[in-house]
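Here the structure is laid out as structure tokens; the discussion comes afterwards.
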Amino acid sequence: MITAQRHNMFQQEWTGKGERGIRDFLLIPAIFFGAVCPGLFISSVLTDYVPGYWVALALNLIGYGVAHLLFLGRMERFWRAVINLRTSWISRGFLFNAMFSLFGLLYALSEAADLPILSGPAVNALLKLMSILSAVLFAAYPGFMISIVKAIPFWRSTLEPVLFFLQGVMGGMAIQVLLMSIIALPGAADNALIKINTILVLIVLLLFMTALVIKALHGGAEKISVTFLTTGAFSPVFIGGTIIVGLVVPLFLLIAGLFLNLDFGAYRSLYYIALLMELVGIYLGKYSILRAGAYAPLK
Amino acid sequence: MIQQVKTYCNQCYNGPDPFVMNVEDGVVKSIEPDFDCEKFSPGQGRVCVKAYGLVQKMYNSNRIKNPMIRTNPKKGKDEDPGFKEISWDEALDIVADKLKAIRQKGLTDESGYPRLAVSMGEAGAPAAYGGTFPAFLSAWGAVDFTLGGGEGSKCYHSEHLYGELWHRGFIVVSDTPRNKWTLSFGHNTNASAGVSGVMRHAEARERGYKRIQAEPHLSVSAVTSDEWIPLKTKSDAPFMYAMIYSILYELGWKKVCDLDFIKKRTNSPYLIGPKGYYLKDGESEKVLVWDAVDNCAKAYDDPTIKDAALTGSYRVSNTIEKGPDGEQWEYKEASCRPSFDLFLGHMKPYTPEWAAKICDLPASTIRRMAREYVEHAHIGEEIEVCGEKLPYRPVGISLGKTINNGPGGYQACWARTILAMLVGALEVPGGTVGASQRLNRPHHDRWSSVWPGEDGFFQNFLNPTDTERRGKLQKTRSHYTELVPLVGNTGWSPFLSPVPHAWLWYNETPENWSKPTFPDVWIIYRVNPNMSMYYTDMMLETTKKFPYIVAFGYTIDETNWYADIILPESSDLESLQLFRLGPSTHSEAYWEEYGFGLRQPGGNLPYNTMDMTDICTELSARTGILKEYNDAINAGVILGIRLQGKGYNYMLDPGRKYSREEIWDGLCRSSVRLLTGGKEEHDLEWFKKHGYFTVPYPLIRHFLHPVMVKWGLRYEVPYQGRLKVVGEELKKRLEEKGIRWWEEQLSEYEALPKCEDYTKKWDHVLKKKGLNPDDYPLFLINTRSMHFAWGSNTCLPVLAEMAKYVTGFGGLVINTKIAAEKGIQDGDTIVIESPLKRKKCTAIVREGIRPDTVVLTGQFGNWAMPFAKDLNIPSINELIEPDQELFDAGGSSCDIVRVKIYKEH
Amino acid sequence: MKRWGMVIDMKKCTGCQTCTLSCKVYHGLGPDVVRCRVIEQETGSFPAVERMLFSLRCMHCNEPECMKACPTGATRRRADGIVTVDQDKCMGCRYCALVCPYQARTFLGVEKRYFPENGNLWENMRYKEHQVGTVEKCDFCQKRIDEGLAKGLEPGKDPAATPMCVISCIGKALYFGDLNDPASMVSNLIRERKGFALKQELGTEPSVYYLPRKR
């Protein structure tokens with residue numbers, strides 16, 4: 001048993017040492033927006049909710065793009081990120097983000113305006129396909145990025161990209177429904193989205209549970225991470241924030257809303273609360289997973 | 001363009017270790033080892049972590065950048081001294097005026113104490129930095145060096161005194177390069193034995209020697225040992241006594257011991273008379289031994305002795321015994337026994353079972369150590385050194401700091417030396433050897449420090465215990481010449497004197513003892529007594545009362561906070577001086593060459609500091625002792641180098657003021673002449689380029705054995721005939737003055753020392769204060785880290801950063817089980833409380849420590865020193881209140897205090 | 001082709017951090033930035049306790065995770081096996097620092113100083129050698145090796161061509177040399193004393209080997 005170790009047990013590079021003030025802490029918001037923006041885009045495109053994908057693109061530019069840029073040590077060199085596509089998931093993420101932003105914008109433009117180059121059903125369909133595809137890749141890339149880190153066994157799981165993608169869509173949908181309360185459009189249905197969202201919450205919850213159990217069973221550094229999240233110092237954030245506030249309570253509220261015979265106003269308030277809680281949960285979830293990245297002991 | 005400049009590091013006594021500065025544009029960028037001396041320096045040209053800290057030490061922004069004078073006349077911890085920067089000219093004049101005033105009044109005061117007191121720290125290391133300071137002090141006259149900063153209590157004190165007495169071992173170590181098995185009682189080699197210590201032990205591990213570390217916590221030295229025995233604090237002597245028992249009675253001394261060595265090289269066969277003194281022949285007055293073959297008593301040096309008896313009871317006619325103060329008993333026929341016989345009887349009660357209870361260890365561990373010890377002794381084997389055959393006994397026992405001080409210190413030293421004696425491993429290759437001598441001269445050659453004395457032993461120079469000669473000695477504030485005969489009266493003696501007592505007596509003067517006066521001027525050099533001495537609060541109160549304090553300062557510290565003037569000397573990489581390299585230092589850094597090395601400035605001075613030599617020259621001139629100062633240099637006060645010899649003369653004109661370059665140039669040239677018998681000469685420029693000049697020193701001269709054989713000498717073990725007489729005489733002298741408070745210490749002067757459970761003394765001390773010992777269940781002890789072992793580096797952030805990687809720095813190490821019981825977790829803020837004081841600190845929870853022990857590393861607790869004052873690490877010194885019962889006969893006590901700990905509420 | 005590598009004798013290392021500081025001073029590194037250091041790991045329970053000492057630095061892996069992770073091409077592996085960071089190319093994303101199983105990299109977020117209030121001469125001079133916002137790590141003192149080789153010296157044998165930590169180690173616990181040469185000192189030590197690399201199971205193929213304390 002290791003009783004003393006003067007070595008960082010948990011990674012600190014990405015959750016911020018605070019040396020550079022707020023800039024050090026901007027990766028978590030970037031990863032959050034990098035997940036929910038493509039999610040919002042996908043759900044908006046599929047439900048033809050035009051403001052949704054415009055908001056997704058704008059929010060992505062600021063919440064992901066600017067935040068991530070500020071997080072970098074030398075942001076003037078951000079363009080160099082594209083150089084190592086062959087092996088680096090950051091390079092790939094950079095590309096996916098660029099693709100998503102570009103195809104998303106082109107698709108949005110082709111929907112919005114009668115631009116000669118972008119018009120035509122074939123071009124529109126191609127842009128739709130490309131933008132959704134790049135949104136999927138972009139939403140999932142941080143999952144790939146951490147799942148290949150050999151140094152941190154807790155992250156090494158094929159579930160990570162899936163979780164990142166599903167959480168992104170789940171959060172995107174939540175934003176869309178909340179957005180629709182402000183900019184309502186005819187034809188867009190809350191109900192279907194809520195039902196899909198409910199299923200997603202359930203799946204994400206089950207995936208989290210499965211992952212935690214598997215990781216705990218592996219022992220070693222993985223168990224250290226699980227303990228840290230479930231019973232250790234970080235349990236209020238993870239169990240309290242991500243699992244209970246972000247998944248269990250919303251699930252309960254959403255299901256209750258579906259089965260209880262509430263009037264529309266009360267029902268709506270209920271799922272607005274649930275969706276807001278989901279977003280909080282997703283944010284804390286990203287933070288928790290990164291924060292719990294424990295290195296395997298040396299020997 | 002990077003220029004490489006050679007110099008040396010001597011921040012601790014293990015040096016000097018040569019190294020190279022990389023200098024660019026007048027800035028020392030970095031430092032590197034100096035592999036030009038790889039072949040002959042014991043550190044093989046490398047330097048330890050502290051030396052790399054010298055760069056920060058030079059450019060430290062928190063240094064004192066100009067001479068400063070105090071503007072606030074009130075002194076105290078809470079009084080801002082209001083230091084004001086002044087010019088060097090002003091500063092030197094002010095100091096010189098103070099010194100001149102002393103010379104007008106007379107060098108000693110009405111009570112006979114020197115009016116000038118000088119304190120130096122770091123176990124003698126300041127000599128490598130002080131330039132011509134020794135010449136200034138020599139030119140001055142009477143100086144009191146006994147107001148020290150921890151000397152006599154923070155060192156291997158008993159070992160220094162008894163080691164020198166028995167085998168010229170100021171420090172006693174295993175001959176590591178040839179050793180196969182070492183049992184170390186807390187000897188913290190990896191922290192305090194310097195580059196050579198670390199390197200030699202690392203190479204020995206690679207070679208496959210076995211080292212067992214017995215101590216209450218898993219120290220940095222225990223970490224690299226083959227085995228850690230979690231021995232209870234202060235039970236080292238009982239452990240060794242039981243090992244001796246096991247060897248004598250269980251393994252059988254006749255079978256496993258080196259009988260030839262015991263008979264020929266020790267006083268084991270010496271016959272002891274009815275009064276307990278050496279029995280001597282009535283006519284020749286030579287000590288007698290019993291020849292078991294011829295069945296008669298013979299003089300100890302009689303070449304016809306066939307087999308000296310070690311056991312038995314005999315009757316010898318026409319004999320005498322000599323006691324204290326020349327008292328003599330004449331016997332027509334006296335019954336007597338060999339001292340070894342008495343020793344055998346003396347050791348009978350000390351069984352492994354007896355010791356096991358005290359040590360809190362299984363008796364089997366002690367037996368196993370005894371067995372392994374004799375198994376590795378290779379009795380009868382020889383090894384060739386420098387073409388001569390010497391006995392080869394690759395076993396050794398080494399003792400650490402706390403083992404060596406206070407209760408049980410003498411007994412531990414005695415037992416260790418006895419263990420070496422039993423297998424003939426004393427002063428032979430592979431065995432237990434003295435690393436150097438400091439109380440006896442010359443310091444740089446062990447063989448020359450030994451010559452025949454009385455009763456077949458070598459000469460020793462103890463302080464006189466007769467009334468007449470005692471009265472003639474210069475009085476000092478620690479009264480070492482009166483209280484500690486063993487410490488002698490040479491240059492190093494005041495530093496090994498009962499230093500704590502001088503401070504204690506200022507506050508509480510014992511019965512029939514006079515309170516020491518304060519010196520008119522107190523000079524402090526490279527020492528911070530208010531931090532390095534225990535009973536810190538008492539120290540602060542006492543320092544306040546000194547009339548005038550001149551501090552050579554590097555940064556503000558807790559002692560120069562009370563100074564009236566601070567003179568910033570140039571630091572390690574900035575100043576110029578020659579120093580001796582080899583052949584031996586206080587530790588196992590013995591060299592196979594010796595000579596002189598130069599320390600020289602690497603870059604431009606970043607601050608307005610002054611070279612120590614220039615300061616001394618200026619002070620001498622301004623005080624009116626320039627002639628005496630130059631004469632002292634001419635006469636060889638600096639490093640024993642006389643500036644004149646056959647075929648050369650670099651004598652300084654007594655009336656002239658010389659620059660540091662001129663002075664050191666003469667010393668450089670003369671040093672080479674000295675080493676080469678006048679044949680060669682190199683000037684300062686040569687030394688600046690080459691760094692050092694050395695000549696071979698035969699390895700064999702590091703072992704005392706050949707010179708003992710040559711002169712037919714014996715080590716005075718196991719029987720302490722001389723000490724017994726000295727103790728009795730001292731007792732009489734003190735009784736004559738009505739002094740009873742030294743009785744505990746006088747009881748140590750035993751011919752065969754008794755052993756006991758010394759931890760009980762701490763219980764007793766608590767009970768005396770009306771406290772329940774159970775309320776203070778833990779033993780707080782102290783350990784070193786290499787980063788802060790000497791060198792005055794507490795103020796350097798970069799060394800603290802390094803120390804953080806090593807368990808112990810920054811808090812209190814506590815056993816996991818004890819911490820759990822008290823709800824303490826690693827990193828928690830806890831309170832540590834001794835009967836004297838309560839301090840907050842950080843808990844370091846580890847398995848590698850005994851549940852009854854807690855450990856603090858280093859000596860911090862700073863409140864004035866920049867950077868260090870923000871560390872919030874308590875010091876053991878703050879928590880200790882000395883008790884007369886815990887002092888040993890040398891006037892030393894150990895860093896142990898009973899405490900309790902609890903979580904901060 | 002040569003492959004430079006290091007061997008660390010755990011029997012000889014005492015954890016004194018001379019390597020840590022000598023490297024730090026040589027390369028002019030600021031507070032809390034180290035290229036190598038020795039860390040402790042305590043195992044067992046009282047009284048059967050062991051404290052292991054790991055002298056850590058960049059392992060100059062044959063399959064460097066950091067290089068794979070680096071998006072900008074700042075991290076490269078030279079033909080002789082030395083893994084380097086080009087501070088002119090690094091954008092400071094810290095992915096490399098995160099993926100390194102040995103925690104060998106440090107991100108220089110800000111220029112920290114030991115003496116912030118005062119324009120310290122040494123700090124002024126030395127910190128210019130490093131770019132804030134990039135990642136810092138051991139490069140086996142590539143400059144010493146390259147300049148040494150140019151002078152005809154042999155890295156690992158001639159101090160001037162050997163990394164600082166190796167030549168400064170006072171336990172002489174560090175060895176440097178060519179892992180591709182089966183007759184080199186480092187290859188011999190690995191073979192004879194059963195040298196192992198840390199976290200070999202990750203497939204990183206480190207160029208730094210450890211000799212066990214106990215056989």
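Chain labels follow the order of the structure tokens: the first chain is A, the next B, and so on; residue numbering restarts at 1 in every chain, and ligands are counted from 1 in their shown order.
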
Compile the residues of chain C that lie within 8 Å of chain A, evaluated using only C-alpha atoms, and express the compilation as a PyMOL selection string. chain C and resi 39-44+68-73+89-95+97-103+107+109-110+132-134+198-199+202

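All residues of protein, DNA or RNA that reach within 10 Å of Asp9 in chain C, judged by only C-alpha atoms and not counting those fewer than 6 positions away in the chain, are Ala202 and Glu206 of chain B; Phe54, Ser55, Gly171, Lys172, Ala173, Leu174, Tyr175, Leu189, Ile190, Arg193, Gly195, Tyr209, Tyr210, Leu211, Pro212 and Arg213 of chain C.
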
Export, as a short mmCIF file (atom, residue, chain, number, x, y, z; two decimals), in the first residue's frame, the selected residues with C-alpha atoms.
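Saved result, selection.cif, follows:
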```cif
data_model
loop_
_atom_site.label_atom_id
_atom_site.label_comp_id
_atom_site.auth_asym_id
_atom_site.auth_seq_id
_atom_site.Cartn_x
_atom_site.Cartn_y
_atom_site.Cartn_z
CA ALA B 202 26.41 4.47 -2.19
CA GLU B 206 26.71 -1.25 -4.80
CA PHE C 54 12.31 7.42 -7.82
CA SER C 55 14.55 9.81 -9.68
CA GLY C 171 25.69 8.99 -5.10
CA LYS C 172 26.97 8.36 -8.62
CA ALA C 173 23.61 6.70 -9.13
CA LEU C 174 23.06 7.97 -12.66
CA TYR C 175 24.61 6.62 -15.84
CA LEU C 189 24.04 -2.45 -16.29
CA ILE C 190 20.51 -3.05 -17.54
CA ARG C 193 21.28 -5.89 -12.82
CA GLY C 195 17.13 -2.97 -15.18
CA TYR C 209 16.00 2.46 -16.81
CA TYR C 210 16.10 1.68 -13.12
CA LEU C 211 18.29 -0.81 -11.35
CA PRO C 212 16.38 -2.43 -8.49
CA ARG C 213 17.46 -1.92 -4.88
#
```

Residues of chain C within 9 Å of chain B: nearest atom pair and distance (Å, one decimal) for each, counting only C-alpha atoms, sorted by chain and number, as JSON lines?
```
{"residue": "C:Asp9", "atom": "CA", "partner": "B:Glu206", "partner_atom": "CA", "distance": 8.8}
{"residue": "C:Met10", "atom": "CA", "partner": "B:Thr224", "partner_atom": "CA", "distance": 8.9}
{"residue": "C:Lys11", "atom": "CA", "partner": "B:Arg205", "partner_atom": "CA", "distance": 6.6}
{"residue": "C:Lys12", "atom": "CA", "partner": "B:Ala202", "partner_atom": "CA", "distance": 4.5}
{"residue": "C:Cys13", "atom": "CA", "partner": "B:Ala202", "partner_atom": "CA", "distance": 7.3}
{"residue": "C:Thr14", "atom": "CA", "partner": "B:Thr224", "partner_atom": "CA", "distance": 6.4}
{"residue": "C:Gly15", "atom": "CA", "partner": "B:Val806", "partner_atom": "CA", "distance": 7.2}
{"residue": "C:Cys16", "atom": "CA", "partner": "B:Met786", "partner_atom": "CA", "distance": 6.8}
{"residue": "C:Gln17", "atom": "CA", "partner": "B:Met802", "partner_atom": "CA", "distance": 6.2}
{"residue": "C:Thr18", "atom": "CA", "partner": "B:Val49", "partner_atom": "CA", "distance": 4.1}
{"residue": "C:Cys19", "atom": "CA", "partner": "B:Val49", "partner_atom": "CA", "distance": 7.7}
{"residue": "C:Thr20", "atom": "CA", "partner": "B:Met802", "partner_atom": "CA", "distance": 7.4}
{"residue": "C:Leu21", "atom": "CA", "partner": "B:Val49", "partner_atom": "CA", "distance": 6.3}
{"residue": "C:Ser22", "atom": "CA", "partner": "B:Tyr52", "partner_atom": "CA", "distance": 5.7}
{"residue": "C:Lys24", "atom": "CA", "partner": "B:Tyr52", "partner_atom": "CA", "distance": 9.0}
{"residue": "C:Val25", "atom": "CA", "partner": "B:Ser30", "partner_atom": "CA", "distance": 5.5}
{"residue": "C:Tyr26", "atom": "CA", "partner": "B:Ser30", "partner_atom": "CA", "distance": 5.1}
{"residue": "C:His27", "atom": "CA", "partner": "B:Ser30", "partner_atom": "CA", "distance": 8.2}
{"residue": "C:Gly28", "atom": "CA", "partner": "B:Lys29", "partner_atom": "CA", "distance": 7.8}
{"residue": "C:Gly30", "atom": "CA", "partner": "B:Val798", "partner_atom": "CA", "distance": 8.9}
{"residue": "C:Pro31", "atom": "CA", "partner": "B:Val798", "partner_atom": "CA", "distance": 7.3}
{"residue": "C:Asp32", "atom": "CA", "partner": "B:Glu801", "partner_atom": "CA", "distance": 7.2}
{"residue": "C:Arg37", "atom": "CA", "partner": "B:Tyr805", "partner_atom": "CA", "distance": 8.0}
{"residue": "C:Val38", "atom": "CA", "partner": "B:Tyr805", "partner_atom": "CA", "distance": 7.0}
{"residue": "C:Ile39", "atom": "CA", "partner": "B:Tyr805", "partner_atom": "CA", "distance": 6.2}
{"residue": "C:Glu40", "atom": "CA", "partner": "B:Val806", "partner_atom": "CA", "distance": 7.2}
{"residue": "C:Glu42", "atom": "CA", "partner": "B:Glu847", "partner_atom": "CA", "distance": 7.8}
{"residue": "C:Thr43", "atom": "CA", "partner": "B:Glu847", "partner_atom": "CA", "distance": 8.2}
{"residue": "C:Gly44", "atom": "CA", "partner": "B:Glu847", "partner_atom": "CA", "distance": 7.5}
{"residue": "C:Ser45", "atom": "CA", "partner": "B:Glu847", "partner_atom": "CA", "distance": 5.4}
{"residue": "C:Phe46", "atom": "CA", "partner": "B:Glu847", "partner_atom": "CA", "distance": 5.1}
{"residue": "C:Pro47", "atom": "CA", "partner": "B:Pro230", "partner_atom": "CA", "distance": 6.8}
{"residue": "C:Ala48", "atom": "CA", "partner": "B:Gly848", "partner_atom": "CA", "distance": 8.2}
{"residue": "C:Val49", "atom": "CA", "partner": "B:Gly848", "partner_atom": "CA", "distance": 5.8}
{"residue": "C:Glu50", "atom": "CA", "partner": "B:Val223", "partner_atom": "CA", "distance": 6.9}
{"residue": "C:Arg51", "atom": "CA", "partner": "B:Val223", "partner_atom": "CA", "distance": 5.9}
{"residue": "C:Met52", "atom": "CA", "partner": "B:Val223", "partner_atom": "CA", "distance": 7.6}
{"residue": "C:Leu53", "atom": "CA", "partner": "B:Val223", "partner_atom": "CA", "distance": 8.6}
{"residue": "C:Tyr114", "atom": "CA", "partner": "B:Pro797", "partner_atom": "CA", "distance": 6.8}
{"residue": "C:Phe115", "atom": "CA", "partner": "B:Ser61", "partner_atom": "CA", "distance": 6.3}
{"residue": "C:Glu117", "atom": "CA", "partner": "B:Ser61", "partner_atom": "CA", "distance": 8.6}
{"residue": "C:Asn118", "atom": "CA", "partner": "B:Ser61", "partner_atom": "CA", "distance": 6.5}
{"residue": "C:Gly119", "atom": "CA", "partner": "B:Ser61", "partner_atom": "CA", "distance": 8.2}
{"residue": "C:Asn120", "atom": "CA", "partner": "B:Ser61", "partner_atom": "CA", "distance": 6.2}
{"residue": "C:Leu121", "atom": "CA", "partner": "B:Tyr59", "partner_atom": "CA", "distance": 6.8}
{"residue": "C:Trp122", "atom": "CA", "partner": "B:Tyr59", "partner_atom": "CA", "distance": 6.3}
{"residue": "C:Glu123", "atom": "CA", "partner": "B:Tyr59", "partner_atom": "CA", "distance": 8.7}
{"residue": "C:Met125", "atom": "CA", "partner": "B:Lys29", "partner_atom": "CA", "distance": 8.4}
{"residue": "C:Arg126", "atom": "CA", "partner": "B:Lys29", "partner_atom": "CA", "distance": 7.6}
{"residue": "C:Pro159", "atom": "CA", "partner": "B:Phe35", "partner_atom": "CA", "distance": 7.8}
{"residue": "C:Met164", "atom": "CA", "partner": "B:Glu32", "partner_atom": "CA", "distance": 7.9}
{"residue": "C:Ile167", "atom": "CA", "partner": "B:Pro33", "partner_atom": "CA", "distance": 7.2}
{"residue": "C:Ser168", "atom": "CA", "partner": "B:Arg46", "partner_atom": "CA", "distance": 5.9}
{"residue": "C:Cys169", "atom": "CA", "partner": "B:Arg46", "partner_atom": "CA", "distance": 7.5}
{"residue": "C:Ile170", "atom": "CA", "partner": "B:Met199", "partner_atom": "CA", "distance": 5.6}
{"residue": "C:Gly171", "atom": "CA", "partner": "B:Met199", "partner_atom": "CA", "distance": 4.5}
{"residue": "C:Lys172", "atom": "CA", "partner": "B:Met199", "partner_atom": "CA", "distance": 6.7}
{"residue": "C:Ala173", "atom": "CA", "partner": "B:Ala202", "partner_atom": "CA", "distance": 7.8}
{"residue": "C:Arg213", "atom": "CA", "partner": "B:Thr224", "partner_atom": "CA", "distance": 8.8}
```

Using Å and a single decimal, report how far CA of Pro338 in chain B sits from CA of Ala309 in chain B.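 Interatomic distance here is 7.0 Å.
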
I'd like the contact shell of Tyr715 in chain B - 10 Å cut-off, only C-alpha atoms, skipping same-chain residues fewer than 6 positions apart - returned as a PyMOL selection string. chain B and resi 165-167+262+264-268+417+421+426+456-458+708

Which residue is closest to Gly721 in chain B? Choose from B:Thr182, B:Ser339, B:Asn793, B:Gln328 and count only C-alpha atoms.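 Result for the nearest residue to Gly721 in chain B: B:Ser339.
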
If we count only C-alpha atoms, what is near Trp742 in chain B at a cut-off of 9 Å, once residues fewer than 5 positions away on the same chain are taken out, given as a PyMOL selection string? chain B and resi 483+731+734+747+884+889

Long-range neighbours of Glu159 in chain B as a count of residues only, 8 Å cut-off, only C-alpha atoms, 6 positions minimum in chain: 8

Would you compute the distance between CA of Asn512 in chain B and CA of Pro464 in chain B? Give it in Å to one decimal. 20.6 Å

Please, what distance in Å, to one decimal, runs between CA of Pro516 in chain B and CA of Ala139 in chain B?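 Interatomic distance, CA of Pro516 in chain B to CA of Ala139 in chain B: 24.5 Å.
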
Can you pull out the residues contacting range 102-110 of chain A? Cut-off 9 Å, using only C-alpha atoms, and skip same-chain residues under 3 positions away; I want them as an MDAnalysis selection string. chainID A and resid 41 50 53:54 57 97:99 113:115 117:120 123:128 130:132 134:135

Please return as a short mmCIF file (atom, residue, chain, number, x, y, z; two decimals) with N, CA and C atoms, in the first residue's frame: the residues of range 62-171 of chain C that backbone DSSP assigns to helix (DSSP H, G or I).
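Below is the file result38.cif, written as the result:
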```cif
data_model
loop_
_atom_site.label_atom_id
_atom_site.label_comp_id
_atom_site.auth_asym_id
_atom_site.auth_seq_id
_atom_site.Cartn_x
_atom_site.Cartn_y
_atom_site.Cartn_z
N GLU C 65 4.20 9.38 -25.72
CA GLU C 65 2.78 9.77 -25.67
C GLU C 65 2.65 11.27 -25.91
N CYS C 66 3.60 12.03 -25.37
CA CYS C 66 3.54 13.49 -25.49
C CYS C 66 3.63 13.93 -26.94
N MET C 67 4.48 13.23 -27.69
CA MET C 67 4.66 13.62 -29.08
C MET C 67 3.38 13.33 -29.87
N LYS C 68 2.76 12.20 -29.54
CA LYS C 68 1.51 11.88 -30.21
C LYS C 68 0.45 12.91 -29.86
N ALA C 69 0.49 13.35 -28.61
CA ALA C 69 -0.55 14.27 -28.17
C ALA C 69 -0.33 15.69 -28.68
N TYR C 95 -1.59 19.39 -23.27
CA TYR C 95 -2.03 18.00 -23.48
C TYR C 95 -0.85 17.06 -23.23
N CYS C 96 0.33 17.47 -23.67
CA CYS C 96 1.53 16.66 -23.48
C CYS C 96 1.80 16.41 -22.01
N ALA C 97 1.64 17.48 -21.20
CA ALA C 97 1.91 17.36 -19.77
C ALA C 97 0.92 16.40 -19.13
N LEU C 98 -0.31 16.43 -19.65
CA LEU C 98 -1.36 15.59 -19.12
C LEU C 98 -1.13 14.12 -19.44
N VAL C 99 -0.72 13.85 -20.68
CA VAL C 99 -0.63 12.45 -21.10
C VAL C 99 0.65 11.78 -20.63
N LEU C 121 19.11 40.31 -10.26
CA LEU C 121 20.07 40.25 -11.37
C LEU C 121 20.07 38.88 -12.06
N TRP C 122 20.17 37.84 -11.25
CA TRP C 122 20.27 36.49 -11.81
C TRP C 122 18.95 36.09 -12.47
N GLU C 123 17.87 36.39 -11.80
CA GLU C 123 16.56 36.04 -12.37
C GLU C 123 16.31 36.81 -13.66
N ASN C 124 16.70 38.08 -13.68
CA ASN C 124 16.56 38.87 -14.90
C ASN C 124 17.29 38.21 -16.06
N MET C 125 18.48 37.73 -15.75
CA MET C 125 19.33 37.19 -16.81
C MET C 125 18.82 35.83 -17.29
N ARG C 126 18.49 34.97 -16.32
CA ARG C 126 18.22 33.58 -16.68
C ARG C 126 16.82 33.29 -17.19
N TYR C 127 15.83 34.00 -16.69
CA TYR C 127 14.46 33.64 -17.07
C TYR C 127 14.15 34.02 -18.51
N LYS C 128 15.02 34.87 -19.08
CA LYS C 128 14.84 35.21 -20.49
C LYS C 128 15.00 33.99 -21.39
N GLU C 129 15.68 32.97 -20.86
CA GLU C 129 15.94 31.79 -21.68
C GLU C 129 14.71 30.93 -21.88
N GLN C 142 20.54 18.36 -24.22
CA GLN C 142 20.93 18.11 -25.62
C GLN C 142 22.05 19.03 -26.10
N LYS C 143 22.08 20.25 -25.55
CA LYS C 143 23.12 21.19 -25.97
C LYS C 143 24.50 20.66 -25.55
N ARG C 144 24.56 20.15 -24.33
CA ARG C 144 25.84 19.59 -23.85
C ARG C 144 26.25 18.42 -24.74
N ILE C 145 25.27 17.57 -25.05
CA ILE C 145 25.59 16.39 -25.86
C ILE C 145 26.06 16.80 -27.25
N ASP C 146 25.30 17.71 -27.88
CA ASP C 146 25.64 18.11 -29.24
C ASP C 146 26.99 18.81 -29.29
N GLU C 147 27.18 19.75 -28.37
CA GLU C 147 28.45 20.48 -28.37
C GLU C 147 29.61 19.55 -28.01
N GLY C 148 29.32 18.62 -27.12
CA GLY C 148 30.34 17.65 -26.71
C GLY C 148 30.73 16.77 -27.89
N LEU C 149 29.72 16.25 -28.59
CA LEU C 149 30.00 15.39 -29.73
C LEU C 149 30.80 16.14 -30.80
N ALA C 150 30.45 17.42 -30.98
CA ALA C 150 31.15 18.22 -31.97
C ALA C 150 32.63 18.37 -31.61
N PRO C 159 32.41 14.37 -18.88
CA PRO C 159 31.41 15.18 -18.17
C PRO C 159 30.85 16.32 -19.02
N ALA C 160 31.70 16.95 -19.84
CA ALA C 160 31.24 18.12 -20.60
C ALA C 160 30.18 17.74 -21.63
N ALA C 161 30.07 16.45 -21.95
CA ALA C 161 29.09 16.03 -22.95
C ALA C 161 27.95 15.23 -22.31
N MET C 164 23.65 17.28 -16.88
CA MET C 164 24.03 17.83 -15.56
C MET C 164 23.68 16.90 -14.42
N CYS C 165 22.47 16.32 -14.45
CA CYS C 165 22.04 15.49 -13.32
C CYS C 165 23.00 14.33 -13.12
N VAL C 166 23.48 13.79 -14.26
CA VAL C 166 24.36 12.62 -14.18
C VAL C 166 25.70 13.01 -13.56
N ILE C 167 26.24 14.12 -14.04
CA ILE C 167 27.58 14.48 -13.52
C ILE C 167 27.50 15.06 -12.12
N SER C 168 26.33 15.55 -11.73
CA SER C 168 26.26 16.16 -10.39
C SER C 168 25.90 15.15 -9.31
#
```

Identify, on the basis of only C-alpha atoms, every residue whose closest approach to Leu254 in chain A does not exceed 10 Å; exclude the query and any residue fewer than 5 positions from it along the same chain; express the result as a PyMOL selection string. chain A and resi 194-195+197-199+201+248-249+259-260+267+270-275

Counting only C-alpha atoms, which of C:Thr106, C:Thr84, C:Asn180, C:Ser187 gets nearest to Cys36 in chain C?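 That would be C:Thr106, the residue with the smallest distance to Cys36 in chain C.
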